[in-house]
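Visitor: Sharing my_file03.txt, compact mmCIF, C-alpha atoms:
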# COMPACT_ATOMS: atom_id res chain seq x y z
CA CYS A 1 -33.91 5.28 -3.19
CA ARG A 2 -37.18 5.89 -5.01
CA GLY A 3 -40.18 6.99 -2.96
CA CYS A 4 -38.44 7.97 0.27
CA GLN A 5 -37.54 11.32 1.75
CA GLU A 6 -34.19 10.34 3.26
CA CYS A 7 -31.86 7.65 2.07
CA SER A 8 -29.70 5.73 4.46
CA VAL A 9 -26.22 4.68 3.41
CA LEU A 10 -25.17 1.25 4.55
CA GLU A 11 -22.01 1.50 6.59
CA GLU A 12 -19.25 -1.06 6.63
CA PRO A 13 -19.36 -3.12 9.83
CA VAL A 14 -16.79 -2.09 12.41
CA MET A 15 -14.41 -4.91 13.27
CA LEU A 16 -13.66 -5.06 16.97
CA PHE A 17 -9.99 -5.44 17.85
CA GLN A 18 -8.88 -9.05 18.19
CA SER A 19 -5.47 -10.30 19.29
CA PRO A 20 -3.99 -13.80 19.65
CA HIS A 21 -4.82 -13.54 23.37
CA ASP A 22 -8.52 -13.59 22.44
CA TYR A 23 -8.11 -16.88 20.59
CA MET A 24 -5.55 -18.60 22.80
CA THR A 25 -7.66 -19.10 25.90
CA CYS A 26 -6.38 -20.75 29.06
CA GLU A 27 -8.83 -22.56 31.30
CA ASP A 28 -6.80 -22.09 34.49
CA GLY A 29 -5.73 -18.52 33.71
CA ALA A 30 -2.88 -17.64 31.40
CA VAL A 31 0.35 -16.34 32.86
CA LEU A 32 1.21 -13.03 31.20
CA THR A 33 4.92 -13.05 32.04
CA THR A 34 7.01 -16.22 32.19
CA GLN A 35 8.66 -16.45 35.60
CA SER A 36 10.73 -19.56 34.97
CA LEU A 37 11.24 -22.01 32.14
CA ASP A 38 13.32 -25.14 31.79
CA ALA A 39 14.41 -27.20 28.81
CA VAL A 40 11.68 -29.79 29.46
CA VAL A 41 8.85 -27.32 28.85
CA TYR A 42 10.64 -25.90 25.81
CA ASP A 43 10.96 -29.41 24.38
CA VAL A 44 7.31 -30.21 25.15
CA ILE A 45 6.23 -27.19 23.10
CA VAL A 46 8.56 -27.97 20.19
CA GLY A 47 7.58 -31.65 20.25
CA GLY A 48 3.88 -30.80 20.25
CA ILE A 49 4.27 -28.51 17.27
CA PHE A 50 6.40 -31.10 15.44
CA ASN A 51 3.70 -33.72 16.00
CA ALA A 52 0.96 -31.40 14.77
CA ILE A 53 2.88 -30.54 11.58
CA ASP A 54 3.80 -34.20 11.05
CA GLN A 55 0.10 -35.07 10.97
CA LEU A 56 -0.39 -32.83 7.92
CA PRO A 57 -0.06 -34.29 4.42
CA VAL A 58 3.48 -34.13 3.02
CA GLU A 59 2.16 -33.56 -0.50
CA CYS A 60 3.42 -30.28 -1.91
CA ASN A 61 2.70 -28.70 -5.27
CA ILE A 62 1.97 -25.25 -6.64
CA THR A 63 -1.57 -25.16 -5.22
CA TYR A 64 -1.43 -27.48 -2.21
CA CYS A 65 1.37 -27.66 0.34
CA PRO A 66 -0.01 -28.02 3.90
CA GLN A 67 3.23 -28.31 5.87
CA ALA A 68 4.78 -25.31 4.12
CA ASP A 69 1.59 -23.27 4.51
CA VAL A 70 1.38 -23.97 8.23
CA THR A 71 5.03 -23.31 9.00
CA GLY A 72 4.80 -20.15 6.90
CA CYS A 73 1.74 -19.04 8.87
CA ILE A 74 3.57 -19.53 12.19
CA LEU A 75 6.61 -17.59 10.99
CA ARG A 76 4.50 -14.78 9.54
CA LEU A 77 2.60 -14.56 12.84
CA ALA A 78 5.80 -14.33 14.90
CA GLY A 79 7.35 -11.91 12.41
CA HIS A 80 4.40 -9.53 12.46
CA ASP A 81 4.50 -9.73 16.25
CA PHE A 82 8.09 -8.50 16.59
CA MET A 83 8.01 -6.05 13.66
CA ASP A 84 5.65 -3.65 15.44
CA TYR A 85 8.33 -2.60 17.94
CA ASP A 86 8.31 1.16 18.58
CA PRO A 87 11.67 2.36 19.96
CA ALA A 88 10.18 5.74 20.87
CA THR A 89 7.82 4.20 23.43
CA GLY A 90 9.40 0.80 23.99
CA SER A 91 6.07 -0.81 23.11
CA GLY A 92 5.39 -3.68 20.76
CA GLY A 93 7.95 -6.23 19.72
CA SER A 94 7.49 -9.90 20.63
CA ASP A 95 4.63 -9.36 23.05
CA GLY A 96 2.24 -11.95 21.63
CA CYS A 97 -0.03 -9.26 20.22
CA ILE A 98 -1.02 -8.31 16.69
CA ASP A 99 -4.21 -6.77 15.34
CA LEU A 100 -5.90 -9.73 13.69
CA THR A 101 -8.58 -7.48 12.18
CA HIS A 102 -6.03 -5.53 10.13
CA PRO A 103 -5.71 -6.52 6.44
CA ASP A 104 -1.94 -6.97 6.76
CA ASN A 105 -2.57 -9.72 9.33
CA SER A 106 -5.35 -11.39 7.38
CA GLY A 107 -5.49 -15.16 7.78
CA LEU A 108 -3.10 -15.43 10.71
CA GLU A 109 -5.80 -16.56 13.11
CA ALA A 110 -6.05 -19.73 10.98
CA CYS A 111 -2.92 -21.27 12.52
CA LEU A 112 -3.85 -20.29 16.08
CA VAL A 113 -6.93 -22.46 16.38
CA SER A 114 -8.18 -25.47 14.47
CA GLY A 115 -9.92 -24.28 11.34
CA THR A 116 -9.02 -23.22 7.85
CA GLU A 117 -5.26 -23.95 7.99
CA PHE A 118 -5.66 -27.70 7.35
CA GLY A 119 -6.95 -28.23 10.89
CA PHE A 120 -3.63 -27.17 12.43
CA ASP A 121 -4.07 -25.90 15.98
CA LEU A 122 -1.38 -24.04 17.96
CA HIS A 123 -3.87 -23.63 20.78
CA ALA A 124 -3.91 -27.41 21.28
CA VAL A 125 -0.24 -27.18 22.29
CA TYR A 126 -0.45 -23.87 24.17
CA LYS A 127 -3.30 -24.92 26.48
CA PHE A 128 -1.05 -27.47 28.20
CA VAL A 129 1.62 -24.90 29.08
CA CYS A 130 -0.38 -21.66 29.34
CA THR A 131 -0.03 -21.48 33.13
CA GLN A 132 3.77 -21.76 32.84
CA ILE A 133 4.72 -19.68 29.82
CA SER A 134 3.44 -16.43 28.42
CA LEU A 135 1.81 -16.40 25.00
CA ALA A 136 4.54 -13.95 23.96
CA ASP A 137 7.26 -16.48 24.77
CA PHE A 138 5.20 -19.35 23.35
CA LEU A 139 4.89 -17.74 19.91
CA VAL A 140 8.66 -17.22 19.74
CA ILE A 141 9.23 -20.91 20.55
CA ALA A 142 6.57 -21.86 17.99
CA ALA A 143 8.51 -19.94 15.33
CA GLU A 144 11.75 -21.63 16.40
CA ALA A 145 10.01 -25.01 16.17
CA ALA A 146 8.77 -24.19 12.66
CA MET A 147 12.28 -23.24 11.54
CA THR A 148 13.77 -26.36 13.12
CA PHE A 149 11.15 -28.56 11.44
CA THR A 150 11.82 -27.13 7.98
CA ARG A 151 15.57 -27.22 8.61
CA ARG A 152 15.39 -30.97 9.17
CA ILE A 153 13.65 -31.41 5.83
CA TYR A 154 16.49 -29.46 4.25
CA LEU A 155 19.09 -31.53 6.11
CA SER A 156 17.62 -34.72 4.66
CA GLU A 157 19.20 -33.60 1.38
CA PHE A 158 22.15 -31.62 2.74
CA PRO A 159 23.14 -33.28 6.06
CA GLU A 160 26.52 -31.57 6.09
CA ARG A 161 24.85 -28.21 6.80
CA GLY A 162 24.08 -29.04 10.44
CA GLU A 163 21.16 -28.28 12.73
CA MET A 164 20.37 -24.96 14.41
CA ASP A 165 20.30 -24.81 18.22
CA PHE A 166 17.64 -22.31 19.20
CA ARG A 167 17.01 -23.74 22.68
CA SER A 168 20.44 -22.90 24.06
CA ASN A 169 20.00 -19.24 23.16
CA PHE A 170 16.36 -18.86 24.14
CA ARG A 171 15.62 -16.20 26.76
CA PHE A 172 12.23 -16.21 28.50
CA GLY A 173 10.43 -13.39 30.30
CA ARG A 174 8.40 -11.70 27.56
CA THR A 175 5.12 -10.20 28.74
CA THR A 176 1.97 -10.81 26.73
CA ALA A 177 0.06 -7.73 25.64
CA THR A 178 -3.65 -8.52 25.56
CA SER A 179 -4.40 -5.58 23.27
CA CYS A 180 -2.29 -3.49 20.90
CA PRO A 181 -4.46 -1.15 18.78
CA GLY A 182 -2.53 0.51 15.97
CA SER A 183 0.29 -2.00 16.08
CA ALA A 184 -0.24 -3.02 12.45
CA GLU A 185 0.56 0.53 11.34
CA MET A 186 4.15 -0.14 12.44
CA LEU A 187 4.56 -2.97 9.92
CA PRO A 188 6.61 -2.24 6.80
CA ARG A 189 4.87 -2.10 3.44
CA ALA A 190 6.44 -4.91 1.47
CA GLU A 191 6.81 -2.81 -1.67
CA GLU A 192 8.54 0.06 0.12
CA CYS A 193 12.30 -0.42 0.64
CA ALA A 194 12.37 2.62 2.93
CA ASP A 195 9.80 0.98 5.22
CA VAL A 196 11.91 -2.17 5.46
CA GLY A 197 14.91 -0.08 6.48
CA LEU A 198 12.84 1.88 9.01
CA VAL A 199 11.54 -1.24 10.76
CA PHE A 200 14.54 -3.57 10.63
CA VAL A 201 17.44 -1.12 10.73
CA ASP A 202 16.14 1.95 12.59
CA HIS A 203 13.62 0.32 14.91
CA LEU A 204 15.13 -3.14 15.53
CA GLY A 205 18.78 -2.16 15.23
CA LEU A 206 19.72 -4.72 12.58
CA SER A 207 22.14 -4.11 9.73
CA TRP A 208 21.29 -4.42 6.05
CA GLY A 209 23.50 -7.49 5.94
CA GLN A 210 21.56 -9.16 8.72
Rewrite the structure of this file - the entire thing - as structure tokens.

Guide:
Amino acid sequence: CRGCQECSVLEEPVMLFQSPHDYMTCEDGAVLTTQSLDAVVYDVIVGGIFNAIDQLPVECNITYCPQADVTGCILRLAGHDFMDYDPATGSGGSDGCIDLTHPDNSGLEACLVSGTEFGFDLHAVYKFVCTQISLADFLVIAAEAAMTFTRRIYLSEFPERGEMDFRSNFRFGRTTATSCPGSAEMLPRAEECADVGLVFVDHLGLSWGQ
């Protein structure tokens, strides 16, 4: 800083909190809590997601695998959503909210809106049902659709394994959180076995076998 009395240090820009709610807009006003849901709406959502994934190239190699990348993005999004559950406060869980500015959630916005994830666009499906179903419920169904889609690929080689019926067990009524600062700090560090136990066993009540 030659020739000046005081030197200014450039500060890193502050990223404002962003959640899926900020990306998944609803022209007629999004419902935050699903009041009722029938099988028709569930099937519309699953069918829309199937169609969107089907439009992606089926090519898959070590560097390029669009359908696997997109379904993986959906499942990672839904997983990070439910893994921030805090049993002490009852907050978090599948509330449709993650901190998209946190490094652990990097890239997840790509499968919400058309862009870097091969043009895939969850919002294109959500906008048709956003006045009927909460974003929190929608993301759970999106994850179930992704698992059903990949299961059918598996069944093409192993048909004796049978399909999974998520719809019959689906329960609606989740409330969307429009903001959840600090939620990413509840996520387990992948390299820490103790963190995995804390989140899945202590917080979510699962067993190690599950």

Visitor: Kindly give the distance, in Å, that separates CA of Asp137 (chain A) and CA of Ala78 (chain A), rounded to a single decimal.

Guide: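 We find that CA of Asp137 (chain A) and CA of Ala78 (chain A) lie 10.2 Å from each other.
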
Visitor: From the set A:Thr150, A:Ser134, A:Asn61, A:Ser91, which residue has the shortest atom-to-atom contact distance to Ser183 (chain A), counting only C-alpha atoms?

Guide: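 The shortest atom-to-atom distance to Ser183 (chain A) comes from A:Ser91.
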
Visitor: Have a look at CA of Asp69 (chain A) and CA of Val46 (chain A) and let me know their distance in Å, one decimal.

Guide: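 Between these atoms lies a distance of 17.8 Å.
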
Visitor: Between A:Glu144, A:Asp99, A:Asp28, A:Glu163, which is the closest to Ile49 (chain A) once you count only C-alpha atoms?

Guide: A:Glu144

Visitor: Name the closest residue to Leu122 (chain A) among the candidates A:Pro66, A:Gly48, A:Pro188, A:Gly79; distances are taken between atoms, counting only C-alpha atoms.

Guide: A:Gly48

Visitor: Suppose you want the space between CA of Met24 (chain A) and CA of Leu112 (chain A); what is it in Å?

Guide: 7.1 Å

Visitor: Closest to Gly72 (chain A) among A:Pro181, A:Phe50, A:Phe138, A:Ala143, using all atoms listed in the file?

Guide: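 For Gly72 (chain A), the nearest of the candidates is A:Ala143.
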
Visitor: Would you mind telling me which residue in A:Ile133, A:Leu77, A:Val199, A:Cys65 lies nearest to Pro20 (chain A) when using all atoms listed in the file?

Guide: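 Looking at the shortest contact to Pro20 (chain A), the residue is A:Leu77.
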
Visitor: I need the residue nearest Thr71 (chain A) from this list: A:Thr148, A:Asn105, A:Ser36, A:Ser94. Use all atoms listed in the file for the distance.

Guide: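 Ranked by minimum distance to Thr71 (chain A), first place goes to A:Thr148.
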
Visitor: Can you tell me which residues surround region 192-197 of chain A at a distance of at most 10 Å, considering only C-alpha atoms, apart from same-chain residues fewer than 5 positions away, and format the answer as number ranges by chain?

Guide: A: 83, 186-187, 202-208

Visitor: Mind checking which residues fall within 12 Å of Leu100 (chain A), counting only C-alpha atoms, ignoring those fewer than 4 positions away in the same chain, and posting them as a ChimeraX atom specification?

Guide: /A:15-23,77,80-81,96,104-112,179-184

Visitor: List every protein, DNA or RNA residue that has at least one atom no more than 10 Å from (-3.3, -27.7, 22.3) in the file's coordinates, counting all atoms listed in the file, and write the result as a PyMOL selection string.

Guide: chain A and resi 24+45+48-49+52+112-114+120-130

Visitor: Could you complete region 15-39 of chain A so that it carries N, CA and C atoms, and give it back as a CSV table (one decimal), keeping the file's coordinate frame?

Guide:
chain,number,residue,atom,x,y,z
A,15,MET,N,-15.0,-3.7,12.7
A,15,MET,CA,-14.4,-4.9,13.3
A,15,MET,C,-13.8,-4.6,14.6
A,16,LEU,N,-14.2,-5.3,15.7
A,16,LEU,CA,-13.7,-5.1,17.0
A,16,LEU,C,-12.3,-5.6,17.0
A,17,PHE,N,-11.4,-5.0,17.8
A,17,PHE,CA,-10.0,-5.4,17.8
A,17,PHE,C,-9.9,-6.9,18.4
A,18,GLN,N,-9.1,-7.7,17.7
A,18,GLN,CA,-8.9,-9.0,18.2
A,18,GLN,C,-7.4,-9.3,18.2
A,19,SER,N,-6.9,-9.9,19.2
A,19,SER,CA,-5.5,-10.3,19.3
A,19,SER,C,-5.4,-11.8,19.5
A,20,PRO,N,-4.2,-12.4,19.4
A,20,PRO,CA,-4.0,-13.8,19.6
A,20,PRO,C,-4.5,-14.2,21.0
A,21,HIS,N,-4.4,-13.3,22.0
A,21,HIS,CA,-4.8,-13.5,23.4
A,21,HIS,C,-6.3,-13.9,23.4
A,22,ASP,N,-7.1,-13.3,22.5
A,22,ASP,CA,-8.5,-13.6,22.4
A,22,ASP,C,-8.8,-15.0,21.9
A,23,TYR,N,-7.9,-15.5,21.1
A,23,TYR,CA,-8.1,-16.9,20.6
A,23,TYR,C,-7.5,-17.9,21.5
A,24,MET,N,-6.3,-17.6,22.0
A,24,MET,CA,-5.6,-18.6,22.8
A,24,MET,C,-6.0,-18.6,24.3
A,25,THR,N,-7.1,-19.1,24.5
A,25,THR,CA,-7.7,-19.1,25.9
A,25,THR,C,-6.9,-20.1,26.8
A,26,CYS,N,-7.0,-19.9,28.1
A,26,CYS,CA,-6.4,-20.8,29.1
A,26,CYS,C,-7.3,-21.0,30.2
A,27,GLU,N,-7.8,-22.2,30.3
A,27,GLU,CA,-8.8,-22.6,31.3
A,27,GLU,C,-8.5,-22.2,32.7
A,28,ASP,N,-7.2,-22.4,33.1
A,28,ASP,CA,-6.8,-22.1,34.5
A,28,ASP,C,-6.2,-20.7,34.7
A,29,GLY,N,-6.3,-19.9,33.6
A,29,GLY,CA,-5.7,-18.5,33.7
A,29,GLY,C,-4.3,-18.4,33.1
A,30,ALA,N,-4.2,-17.7,32.1
A,30,ALA,CA,-2.9,-17.6,31.4
A,30,ALA,C,-1.9,-16.8,32.2
A,31,VAL,N,-0.7,-17.2,32.3
A,31,VAL,CA,0.4,-16.3,32.9
A,31,VAL,C,0.8,-15.3,31.8
A,32,LEU,N,0.9,-14.1,32.2
A,32,LEU,CA,1.2,-13.0,31.2
A,32,LEU,C,2.7,-12.8,31.0
A,33,THR,N,3.5,-13.1,32.1
A,33,THR,CA,4.9,-13.0,32.0
A,33,THR,C,5.5,-14.3,32.6
A,34,THR,N,6.4,-15.0,31.8
A,34,THR,CA,7.0,-16.2,32.2
A,34,THR,C,8.0,-15.9,33.3
A,35,GLN,N,7.8,-16.6,34.4
A,35,GLN,CA,8.7,-16.4,35.6
A,35,GLN,C,9.8,-17.4,35.6
A,36,SER,N,9.6,-18.6,35.1
A,36,SER,CA,10.7,-19.6,35.0
A,36,SER,C,10.4,-20.5,33.8
A,37,LEU,N,11.4,-21.1,33.2
A,37,LEU,CA,11.2,-22.0,32.1
A,37,LEU,C,12.5,-22.9,32.1
A,38,ASP,N,12.2,-24.2,32.0
A,38,ASP,CA,13.3,-25.1,31.8
A,38,ASP,C,13.3,-25.8,30.4
A,39,ALA,N,14.3,-26.6,30.1
A,39,ALA,CA,14.4,-27.2,28.8
A,39,ALA,C,13.3,-28.2,28.6
